[in-house]
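Data from entry-v8.cif: mmCIF, C-alpha atoms
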data_model
loop_
_atom_site.label_atom_id
_atom_site.label_comp_id
_atom_site.auth_asym_id
_atom_site.auth_seq_id
_atom_site.Cartn_x
_atom_site.Cartn_y
_atom_site.Cartn_z
CA MET K 1 37.79 -7.35 -42.77
CA PRO K 2 36.45 -4.01 -44.03
CA ALA K 3 33.09 -5.65 -44.62
CA SER K 4 33.14 -7.08 -41.12
CA GLY K 5 34.03 -3.69 -39.65
CA SER K 6 31.28 -2.02 -41.58
CA LYS K 7 28.75 -4.59 -40.31
CA ALA K 8 29.85 -4.05 -36.70
CA THR K 9 29.53 -0.29 -37.08
CA GLU K 10 26.11 -0.65 -38.65
CA ASP K 11 24.97 -3.00 -35.84
CA LEU K 12 26.20 -0.54 -33.23
CA GLU K 13 24.31 2.34 -34.81
CA THR K 14 21.19 0.19 -34.93
CA LEU K 15 21.66 -0.63 -31.25
CA LYS K 16 21.95 3.05 -30.35
CA SER K 17 18.72 3.78 -32.20
CA THR K 18 16.95 0.85 -30.53
CA VAL K 19 18.11 1.93 -27.06
CA ALA K 20 16.74 5.42 -27.72
CA THR K 21 13.43 3.92 -28.89
CA ALA K 22 13.19 1.70 -25.80
CA LEU K 23 13.87 4.59 -23.44
CA ALA K 24 11.32 6.78 -25.21
CA LEU K 25 8.72 4.01 -24.90
CA LEU K 26 9.48 3.51 -21.20
CA ALA K 27 9.06 7.23 -20.58
CA GLN K 28 5.75 7.16 -22.41
CA LEU K 29 4.52 4.10 -20.48
CA GLN K 30 5.23 5.82 -17.18
CA THR K 31 2.98 8.74 -18.14
CA PRO K 32 -0.52 8.19 -16.72
CA ALA K 33 -3.12 7.79 -19.45
CA ALA K 34 -6.91 7.86 -19.27
CA PRO K 35 -8.52 4.42 -19.71
CA THR K 36 -9.87 3.76 -23.18
CA ALA K 37 -13.26 2.29 -24.03
CA ASN K 38 -11.62 -0.99 -25.10
CA ALA K 39 -10.07 -1.38 -21.67
CA THR K 40 -13.47 -1.78 -20.05
CA THR K 41 -15.21 -3.89 -22.70
CA THR K 42 -12.67 -6.60 -23.60
CA GLN K 43 -12.46 -9.92 -21.77
CA VAL K 44 -8.73 -9.63 -21.01
CA HIS K 45 -7.89 -10.60 -17.43
CA ALA K 46 -5.57 -7.85 -16.23
CA LEU K 47 -3.67 -9.94 -13.67
CA ASP K 48 -3.06 -12.78 -16.14
CA LEU K 49 -1.74 -10.32 -18.71
CA ALA K 50 0.44 -8.58 -16.13
CA HIS K 51 1.83 -11.93 -14.95
CA ASP K 52 2.79 -13.04 -18.46
CA ALA K 53 4.25 -9.67 -19.47
CA ALA K 54 6.33 -9.34 -16.30
CA SER K 55 7.59 -12.93 -16.69
CA LEU K 56 8.85 -12.12 -20.19
CA ILE K 57 10.43 -8.85 -19.08
CA ARG K 58 12.24 -10.74 -16.31
CA ALA K 59 13.54 -13.39 -18.72
CA HIS K 60 14.64 -10.85 -21.33
CA SER K 61 16.35 -8.75 -18.66
CA THR K 62 18.44 -11.79 -17.77
CA LYS K 63 19.47 -12.22 -21.40
CA LEU K 64 20.28 -8.53 -21.69
CA SER K 65 22.32 -8.58 -18.50
CA LEU K 66 24.44 -11.48 -19.77
CA LEU K 67 24.97 -9.97 -23.22
CA ILE K 68 26.43 -6.70 -21.88
CA ILE K 69 29.01 -8.37 -19.60
CA ASN K 70 30.21 -11.39 -21.65
CA LYS K 71 32.49 -11.44 -24.68
CA PRO K 72 32.10 -11.13 -27.53
CA PHE K 73 30.00 -7.98 -27.45
CA THR K 74 27.20 -8.61 -29.96
CA ALA K 75 25.22 -5.46 -30.67
CA SER K 76 22.77 -7.28 -32.94
CA ALA K 77 21.84 -9.76 -30.20
CA ILE K 78 21.19 -6.94 -27.73
CA THR K 79 19.10 -5.15 -30.35
CA THR K 80 17.01 -8.29 -30.86
CA VAL K 81 16.26 -8.60 -27.15
CA LEU K 82 15.26 -4.93 -26.91
CA ARG K 83 13.04 -5.12 -29.97
CA GLU K 84 11.25 -8.16 -28.58
CA LEU K 85 10.59 -6.28 -25.36
CA VAL K 86 9.47 -3.10 -27.10
CA SER K 87 7.08 -4.96 -29.39
CA GLY K 88 5.41 -7.14 -26.75
CA PRO K 89 6.03 -7.41 -22.99
CA LEU K 90 6.55 -3.72 -22.15
CA PRO K 91 3.37 -2.40 -23.83
CA GLY K 92 1.64 -5.59 -22.63
CA LEU K 93 2.31 -4.69 -19.01
CA ALA K 94 1.06 -1.16 -19.63
CA SER K 95 -2.06 -2.63 -21.22
CA ALA K 96 -2.61 -4.78 -18.12
CA VAL K 97 -2.59 -1.66 -15.96
CA GLU K 98 -5.08 -0.03 -18.31
CA HIS K 99 -7.39 -3.06 -18.14
CA CYS K 100 -7.19 -3.20 -14.34
CA ASP K 101 -10.23 -0.99 -13.88
CA GLY K 102 -10.81 -0.08 -10.25
CA ALA K 103 -14.56 -0.56 -10.69
CA LYS K 104 -13.97 -4.25 -11.49
CA TYR K 105 -10.70 -5.12 -9.75
CA THR K 106 -11.08 -2.80 -6.72
CA LYS K 107 -9.24 0.46 -6.25
CA ALA K 108 -6.67 -1.36 -4.11
CA MET K 109 -5.61 -3.70 -6.94
CA ASN K 110 -5.73 -0.91 -9.51
CA GLU K 111 -3.34 1.19 -7.44
CA GLU K 112 -1.10 -1.76 -6.53
CA LEU K 113 -0.65 -2.96 -10.11
CA LYS K 114 -0.06 0.58 -11.32
CA TYR K 115 2.62 1.11 -8.67
CA GLN K 116 4.38 -2.23 -9.21
CA ALA K 117 4.32 -1.91 -13.01
CA GLY K 118 5.77 1.58 -12.68
CA ARG K 119 8.66 0.07 -10.69
CA VAL K 120 9.29 -2.42 -13.51
CA PHE K 121 9.43 0.37 -16.10
CA THR K 122 11.72 2.49 -13.92
CA GLU K 123 14.15 -0.28 -13.00
CA PHE K 124 14.27 -1.74 -16.49
CA GLY K 125 14.96 1.74 -17.85
CA THR K 126 17.95 1.98 -15.52
CA LEU K 127 19.30 -1.29 -16.93
CA VAL K 128 18.77 -0.12 -20.53
CA LYS K 129 20.76 3.04 -19.79
CA ALA K 130 23.65 0.82 -18.67
CA ILE K 131 23.94 -0.82 -22.10
CA PRO K 132 27.39 0.10 -23.48
CA LEU K 133 27.24 1.89 -26.81
CA ASP K 134 30.97 1.86 -27.55
CA GLY K 135 31.08 -1.70 -28.86
CA LYS K 136 32.68 -3.13 -25.71
CA ILE K 137 31.30 -5.14 -22.83
CA LEU K 138 30.98 -3.47 -19.43
CA SER K 139 34.05 -3.30 -17.24
CA ASP K 140 34.18 -5.27 -14.00
CA ASP K 141 33.62 -2.03 -12.09
CA ALA K 142 30.55 -1.16 -14.16
CA LYS K 143 29.31 -4.72 -13.75
CA ASN K 144 29.84 -4.86 -9.99
CA GLY K 145 29.38 -1.20 -9.05
CA THR K 146 32.95 -0.91 -7.78
CA GLY K 147 35.86 1.39 -8.42
CA SER K 148 35.19 4.85 -9.78
CA SER K 149 31.82 3.92 -11.30
CA LYS K 150 28.88 5.63 -9.62
CA GLY K 151 25.69 3.91 -8.51
CA LYS K 152 24.76 0.24 -8.78
CA GLY K 153 26.49 -2.15 -11.11
CA SER K 154 24.62 -3.92 -13.91
CA LEU K 155 24.27 -7.11 -11.85
CA ALA K 156 22.57 -5.22 -9.04
CA MET K 157 20.38 -3.41 -11.58
CA THR K 158 19.30 -6.75 -12.99
CA GLY K 159 18.45 -8.00 -9.51
CA THR K 160 16.30 -4.92 -8.94
CA VAL K 161 14.44 -5.57 -12.21
CA TRP K 162 13.82 -9.15 -11.08
CA GLN K 163 12.40 -7.94 -7.77
CA ALA K 164 10.08 -5.50 -9.51
CA CYS K 165 8.90 -8.17 -11.97
CA ASP K 166 8.39 -10.70 -9.16
CA ALA K 167 6.13 -8.22 -7.36
CA VAL K 168 3.91 -7.97 -10.46
CA ILE K 169 4.01 -11.71 -11.10
CA GLY K 170 2.98 -12.38 -7.50
CA LEU K 171 -0.24 -10.37 -7.81
CA LYS K 172 -1.87 -13.13 -9.87
CA ALA K 173 -1.33 -15.73 -7.12
CA LEU K 174 -2.20 -13.24 -4.38
CA GLY K 175 -5.45 -12.30 -6.09
CA ILE K 176 -7.77 -9.45 -5.29
CA ALA K 177 -9.04 -10.98 -2.05
CA GLY K 178 -5.48 -11.71 -0.95
CA LEU K 179 -4.43 -8.12 -1.55
CA VAL K 180 -7.48 -6.78 0.29
CA ILE K 181 -6.67 -9.03 3.27
CA LYS K 182 -3.01 -7.97 3.17
CA LYS K 183 -3.95 -4.28 3.20
CA ALA K 184 -6.46 -4.75 6.04
CA GLU K 185 -3.87 -6.58 8.16
CA GLN K 186 -1.33 -3.82 7.52
CA TYR K 187 -3.85 -1.20 8.63
CA ARG K 188 -4.68 -3.25 11.74
CA ALA K 189 -0.98 -3.48 12.63
CA THR K 190 -0.71 0.31 12.35
CA LEU K 191 -3.81 0.71 14.51
CA LYS K 192 -2.38 -1.61 17.17
CA ASP K 193 0.89 0.36 17.22
CA ALA K 194 -1.02 3.60 17.79
CA LEU K 195 -3.11 1.94 20.51
CA GLU K 196 -0.02 0.63 22.33
CA GLU K 197 1.69 4.01 22.14
CA LEU K 198 -1.34 5.78 23.60
CA GLN K 199 -1.66 3.14 26.31
CA GLU K 200 2.01 3.54 27.29
CA TRP K 201 1.57 7.30 27.49
CA GLY K 202 -1.42 6.87 29.80
CA GLU K 203 0.64 4.66 32.13
CA GLU K 204 3.39 7.26 32.54
CA GLU K 205 3.28 9.39 35.65
CA SER K 206 3.12 13.18 35.60
CA ASP K 207 6.30 14.90 36.73
CA GLY K 208 4.19 17.20 38.88
CA GLU K 209 4.36 20.90 39.29
CA ASP K 210 6.35 21.06 42.53
CA ASP K 211 9.71 22.67 41.83
CA GLU K 212 10.65 23.39 45.46
CA GLY K 213 14.16 22.41 46.31
CA ASP K 214 15.22 22.53 42.70
CA THR K 215 18.83 23.60 42.65
CA GLY K 216 19.17 23.77 38.89
CA SER K 217 20.16 27.08 37.43
CA VAL K 218 17.91 29.18 35.21
CA ASP K 219 20.24 28.47 32.32
CA GLU K 220 19.86 24.72 32.87
CA ASP K 221 16.07 25.07 32.95
CA ASP K 222 16.12 27.04 29.72
CA ALA K 223 18.36 24.46 28.08
CA GLN K 224 16.11 21.60 29.18
CA ALA K 225 13.04 23.46 27.92
CA ALA K 226 14.71 23.88 24.55
CA VAL K 227 15.49 20.14 24.39
CA ASP K 228 11.92 19.29 25.39
CA ASP K 229 10.54 21.53 22.67
CA MET K 230 12.91 20.05 20.12
CA PHE K 231 11.88 16.46 20.81
CA GLY K 232 8.21 17.17 21.46
CA ASN K 233 8.24 16.43 25.19
CA GLN K 234 4.75 15.15 26.03
CA ARG K 235 2.64 16.36 28.92
CA HIS K 236 1.04 13.82 31.21
CA ILE K 237 -2.28 13.61 32.97
CA PRO K 238 -2.06 15.59 36.26
CA SER K 239 -3.12 13.85 39.46
CA ASP K 240 -6.15 16.11 40.00
CA ASP K 241 -7.16 15.71 36.32
CA PRO K 242 -9.41 18.82 36.11
CA GLU K 243 -10.22 18.19 32.42
CA LYS K 244 -11.28 14.57 33.07
CA ILE K 245 -8.66 13.28 30.64
CA ARG K 246 -8.23 9.91 32.37
CA PRO K 247 -11.85 8.73 31.89
CA ARG K 248 -11.66 9.79 28.24
CA LEU K 249 -8.43 7.84 27.83
CA GLU K 250 -9.85 4.68 29.37
CA SER K 251 -12.95 4.88 27.19
CA SER K 252 -10.86 5.48 24.08
CA LEU K 253 -8.55 2.56 24.80
CA LYS K 254 -11.51 0.21 25.23
CA ARG K 255 -13.01 1.30 21.93
CA LEU K 256 -9.66 1.13 20.13
CA ARG K 257 -9.35 -2.49 21.26
CA LEU K 258 -12.83 -3.10 19.88
CA LEU K 259 -11.78 -1.50 16.59
CA SER K 260 -8.77 -3.79 16.40
CA LEU K 261 -11.07 -6.78 16.92
CA MET K 262 -13.37 -5.42 14.23
CA TYR K 263 -10.50 -5.36 11.71
CA GLN K 264 -9.71 -8.98 12.56
CA ALA K 265 -13.35 -10.07 12.29
CA VAL K 266 -13.82 -8.28 8.95
CA VAL K 267 -10.84 -10.12 7.49
CA LYS K 268 -12.10 -13.50 8.69
CA ARG K 269 -15.82 -13.16 8.03
CA ARG K 270 -15.97 -10.89 4.99
CA PHE K 271 -12.70 -10.48 3.10
CA LYS K 272 -11.82 -14.19 3.25
CA THR K 273 -15.27 -15.00 1.87
CA LEU K 274 -15.20 -12.52 -1.02
CA PRO K 275 -16.61 -13.88 -4.28
CA LYS K 276 -14.10 -14.39 -7.05
CA LEU K 277 -13.19 -11.01 -8.52
CA PRO K 278 -13.49 -9.48 -11.01
CA LEU K 279 -17.17 -10.38 -11.21
CA PRO K 280 -18.60 -11.60 -14.53
CA GLU K 281 -20.27 -9.10 -16.79
CA TYR K 282 -24.05 -9.20 -16.34
CA THR K 283 -26.94 -7.80 -18.29
CA ALA K 284 -29.39 -5.70 -16.27
CA GLU K 285 -31.78 -8.66 -16.05
CA GLN K 286 -29.09 -11.11 -14.99
CA ARG K 287 -27.84 -8.65 -12.40
CA GLU K 288 -31.21 -8.63 -10.66
CA ASP K 289 -31.11 -12.43 -10.37
CA SER K 290 -27.47 -12.60 -9.34
CA ASN K 291 -26.32 -12.64 -5.75
CA GLN K 292 -22.95 -11.26 -6.80
CA SER K 293 -23.84 -7.60 -7.07
CA PRO K 294 -21.29 -5.21 -8.60
CA LYS K 295 -21.73 -3.27 -5.36
CA VAL K 296 -19.32 -5.78 -3.81
CA VAL K 297 -16.34 -3.91 -5.26
CA VAL K 298 -17.69 -0.53 -4.18
CA CYS K 299 -18.24 -1.86 -0.66
CA VAL K 300 -14.73 -3.32 -0.43
CA ASP K 301 -13.20 -0.02 -1.55
CA GLU K 302 -15.23 2.01 0.95
CA VAL K 303 -14.38 -0.30 3.85
CA LEU K 304 -10.67 -0.36 2.99
CA ASP K 305 -10.63 3.43 2.74
CA LEU K 306 -12.09 3.67 6.26
CA MET K 307 -9.70 1.04 7.61
CA LYS K 308 -6.81 3.02 6.15
CA VAL K 309 -7.76 6.42 7.59
CA ILE K 310 -8.75 5.23 11.07
CA PRO K 311 -5.12 4.74 12.23
CA ASP K 312 -4.38 8.30 11.09
CA MET K 313 -7.38 9.49 13.10
CA VAL K 314 -6.01 7.62 16.11
CA ASP K 315 -2.71 9.48 15.72
CA GLU K 316 -4.64 12.76 15.75
CA LEU K 317 -6.59 11.57 18.79
CA ALA K 318 -3.32 10.75 20.55
CA SER K 319 -2.01 14.23 19.79
CA ALA K 320 -5.12 15.71 21.41
CA PHE K 321 -4.48 13.59 24.51
CA TYR K 322 -0.84 14.69 24.64
CA GLU K 323 -2.06 18.29 24.63
CA LEU K 324 -4.61 17.49 27.38
CA ASP K 325 -7.23 19.20 25.22
CA GLY K 326 -10.60 17.81 26.33
CA LEU K 327 -12.69 19.40 23.58
CA ASP K 328 -10.31 18.28 20.84
CA ILE K 329 -10.20 14.79 22.34
CA ASP K 330 -14.00 14.56 22.18
CA GLU K 331 -14.03 15.71 18.57
CA ARG K 332 -11.31 13.26 17.54
CA MET K 333 -13.02 10.42 19.41
CA ASP K 334 -16.28 11.01 17.56
CA GLN K 335 -14.52 11.16 14.20
CA CYS K 336 -12.49 8.01 14.80
CA PHE K 337 -15.11 5.76 16.33
CA ASN K 338 -17.92 6.85 14.02
CA SER K 339 -15.69 5.79 11.12
CA GLY K 340 -15.25 2.38 12.73
CA LEU K 341 -19.00 2.01 13.18
CA ALA K 342 -19.55 3.03 9.55
CA ALA K 343 -17.08 0.41 8.30
CA ALA K 344 -18.82 -2.33 10.29
CA GLN K 345 -22.26 -1.21 9.10
CA LEU K 346 -21.19 -1.50 5.45
CA LEU K 347 -20.52 -5.20 6.06
CA VAL K 348 -23.51 -6.02 8.25
CA ARG K 349 -24.81 -8.41 5.58
CA ASP K 350 -22.83 -11.00 3.65
CA TRP K 351 -21.88 -10.66 -0.02
CA LYS K 352 -25.22 -12.16 -1.05
CA GLY K 353 -27.10 -9.57 0.97
CA LYS K 354 -28.13 -12.00 3.71
CA GLU K 355 -27.73 -11.90 7.47
CA ASP K 356 -25.31 -14.34 9.09
CA GLU K 357 -23.22 -14.84 12.22
CA PHE K 358 -21.18 -11.76 11.48
CA THR K 359 -24.37 -9.70 11.33
CA ALA K 360 -25.01 -10.56 14.97
CA TRP K 361 -21.36 -9.81 15.80
CA VAL K 362 -21.61 -6.36 14.20
CA GLN K 363 -24.69 -5.58 16.27
CA LYS K 364 -22.85 -6.55 19.47
CA PHE K 365 -19.86 -4.49 18.36
CA GLN K 366 -22.07 -1.46 17.80
CA LEU K 367 -23.70 -1.89 21.21
CA ALA K 368 -20.32 -2.15 22.93
CA MET K 369 -19.01 0.96 21.15
CA ASN K 370 -22.12 2.96 21.97
CA LYS K 371 -22.07 1.76 25.58
CA GLU K 372 -18.65 3.36 25.97
CA VAL K 373 -20.04 6.60 24.52
CA ARG K 374 -22.83 6.68 27.09
CA SER K 375 -20.43 5.95 29.92
CA ASP K 376 -18.10 8.84 29.00
#
As structure tokens, please, write out the structure in this file.
Amino acid sequence: MPASGSKATEDLETLKSTVATALALLAQLQTPAAPTANATTTQVHALDLAHDAASLIRAHSTKLSLLIINKPFTASAITTVLRELVSGPLPGLASAVEHCDGAKYTKAMNEELKYQAGRVFTEFGTLVKAIPLDGKILSDDAKNGTGSSKGKGSLAMTGTVWQACDAVIGLKALGIAGLVIKKAEQYRATLKDALEELQEWGEEESDGEDDEGDTGSVDEDDAQAAVDDMFGNQRHIPSDDPEKIRPRLESSLKRLRLLSLMYQAVVKRRFKTLPKLPLPEYTAEQREDSNQSPKVVVCVDEVLDLMKVIPDMVDELASAFYELDGLDIDERMDQCFNSGLAAAQLLVRDWKGKEDEFTAWVQKFQLAMNKEVRSD
């Protein structure tokens, strides 16, 4: 018995040390690091590596979750699981992030993998902190997050780790093109929301300036003014429209609809026809003969950046309309619609640098946008 007790104590001390090591590693992995030279020269496929590492972390998290809630409590078994994670899958996932160079995988995938991997490290760290270090399994309250225990129980923590791992695992199947399409569709949905909100505002009638016959007290007026200020009560286009806001609104709505169509066309004609990324490594001579120019990734990043900021510009344009500020409206219109024209121009040729059906569509789009400018 004494020997058995001594072994249990020794195993528990080893577990405590291993937990501390795991938490220190997780903290280190969540600290951004500059890419190394090896990250850009090796042939490791970042999404494959991330998929495999996250799959192992998910499986080991399941083992860990079961070990800390089922009798008998076996410190050595928990230590083994942690050591396996510390020696392989956890640094492997961090390595995948390092290898996911934005210049090869697009900035969108680089940022997405970095974010999702960070979630894995954070959520797994929460589960590691729940490991009991007193030699006993977790109580039902600690397991289920009930009773006097604070926060989520270990089962819920495990589920959160699974979700984070699944998000990383899913990036391999989604692929770079899939992520680019997903982002573009999200930006288009935001743009459509802004368009609909501005359209609804334009359809609302002005309350007018005639206050004759108003029997409300001064105090009531003051109170209403305070409420309006609090909730950002919007002004509406007056019937005489001295600033010519209505024509500007109609022109803007037409061009915003064109922008929404442009997003849709870009997804169909360009993003869905992206070459397989990341592109192979070429020598300078091979690059000249290849249709798959490395500029593809740069172009995708630039277009996505524009598609992302345009909805924000539309929000600023809407604010200018709400203020009935003609000069600010004109400035915001130029900024917004010029960005849309720039995005389309970047994609005027296909990924092999040739003209196609979409080239003709872009030219028609540009004519329609510019026609609205001339008719303002």
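Computed from the coordinates, the CA of Ala8 (chain K) to CA of Arg83 (chain K) distance equals 18.1 Å.
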- Quick one, how far is CA of Tyr263 (chain K) from CA of Glu331 (chain K)? 22.4 Å
- Task: Output the residue selection produced by the PyMOL selection byres ((chain K and resi 147-161) around 9) on the file above, formatted as a ChimeraX atom specification.
- Result: /K:57-58,61-62,64-65,68-69,119-124,126-127,130-131,138,140-146,162-166
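Separating CA of Ala360 (chain K) from CA of Glu302 (chain K) is a distance of 21.2 Å.
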- Quick one: apply the PyMOL selection byres ((chain K and resi 320) around 12) to the file and drop the selected residues here as a ChimeraX atom specification. /K:198,234-236,245,248-249,313-319,321-333
- Query: Which of these, K:Leu47, K:Leu85, K:Leu347, K:Leu67, has the shortest distance to Leu23 (chain K) once you count all atoms listed in the file?
  - Reply: K:Leu85
